[in-house]
Amino acid sequence: MPRKKKYQFDSESDMQEQERVSRSQRKRDSAALQELGKDLSALPMSELEQLDLAPDLLTAFRELRRITSREAKRRQMQYIGRLMREEEDTERLQEAVALFREGRLPSSVS
């Protein structure tokens with residue numbers, strides 16, 4: 001069966017293709033969330049608890065601090081990144097990390 005020419009596509013399928021996120025973009029987003037998770041792991045545990053994180057995410061950070069193996073830490077960071085993809089308010093977390101880097105307490109970011 002011959003391929004359709006560009007002008008033969010209907011507008012609905014064109015809209016669906018534009019809304020679809022590329023695999024490369026999903027990988028970049030995932031890497032950015034893992035990096036945010038790495039930055040969050042540098043925060044003291046008391047500050048993490050004040051950020052109102054999801055219980056699973058908070059447990060994952062606690063587990064990360066307990067782990068000593070390099071490979072296990074890498075896998076745990078990937079897991080934290082996956083949990084953060086489900087988190088809808090990553091801007092708030094990025095702001096908390098920025099405040100911590102400036103030396104201010106992120107507890108005012110609720």
# chains A, B, ... in the order shown; residues from 1 in each chain; ligands from 1

call {"tool": "closest_atom_pairs", "arguments": {"of": "segment 7-92 of chain A", "to": "segment 98-102 of chain A", "cutoff": "12 Å", "atoms": "only C-alpha atoms", "output": "Markdown table"}}
result
| residue | atom | partner | partner_atom | distance |
| --- | --- | --- | --- | --- |
| A:Leu36 | CA | A:Ala98 | CA | 10.6 |
| A:Asp39 | CA | A:Ala98 | CA | 9.4 |
| A:Leu40 | CA | A:Phe100 | CA | 9.5 |
| A:Ser41 | CA | A:Phe100 | CA | 11.7 |
| A:Ala42 | CA | A:Phe100 | CA | 9.5 |
| A:Leu43 | CA | A:Phe100 | CA | 7.5 |
| A:Pro44 | CA | A:Phe100 | CA | 9.8 |
| A:Glu47 | CA | A:Phe100 | CA | 9.3 |
| A:Leu48 | CA | A:Phe100 | CA | 11.0 |
| A:Glu91 | CA | A:Ala98 | CA | 10.5 |
| A:Arg92 | CA | A:Ala98 | CA | 9.9 |

call {"tool": "residues_around", "arguments": {"residues": "segment 57-60 of chain A", "least_positions_apart": "2", "cutoff": "9 Å", "atoms": "only C-alpha atoms", "output": "VMD selection string"}}
result
chain A and resid 45 48 to 49 52 to 55 62 to 65 76 to 77 79 to 80 83 to 84

call {"tool": "residues_around", "arguments": {"residues": "segment 26-28 of chain A", "least_positions_apart": "4", "cutoff": "12 Å", "atoms": "only C-alpha atoms", "output": "list in words"}}
result
Arg20, Val21, Ser22, Ala32, Leu33, Gln34, Glu35, Gln78, Gly81, Arg82 and Arg85 of chain A

call {"tool": "select_by_dssp", "arguments": {"residues": "segment 13-109 of chain A", "states": "helix (DSSP H, G or I)", "output": "PyMOL selection string"}}
result
chain A and resi 13-19+23-41+45-50+55-66+70-86+90-102+106-108
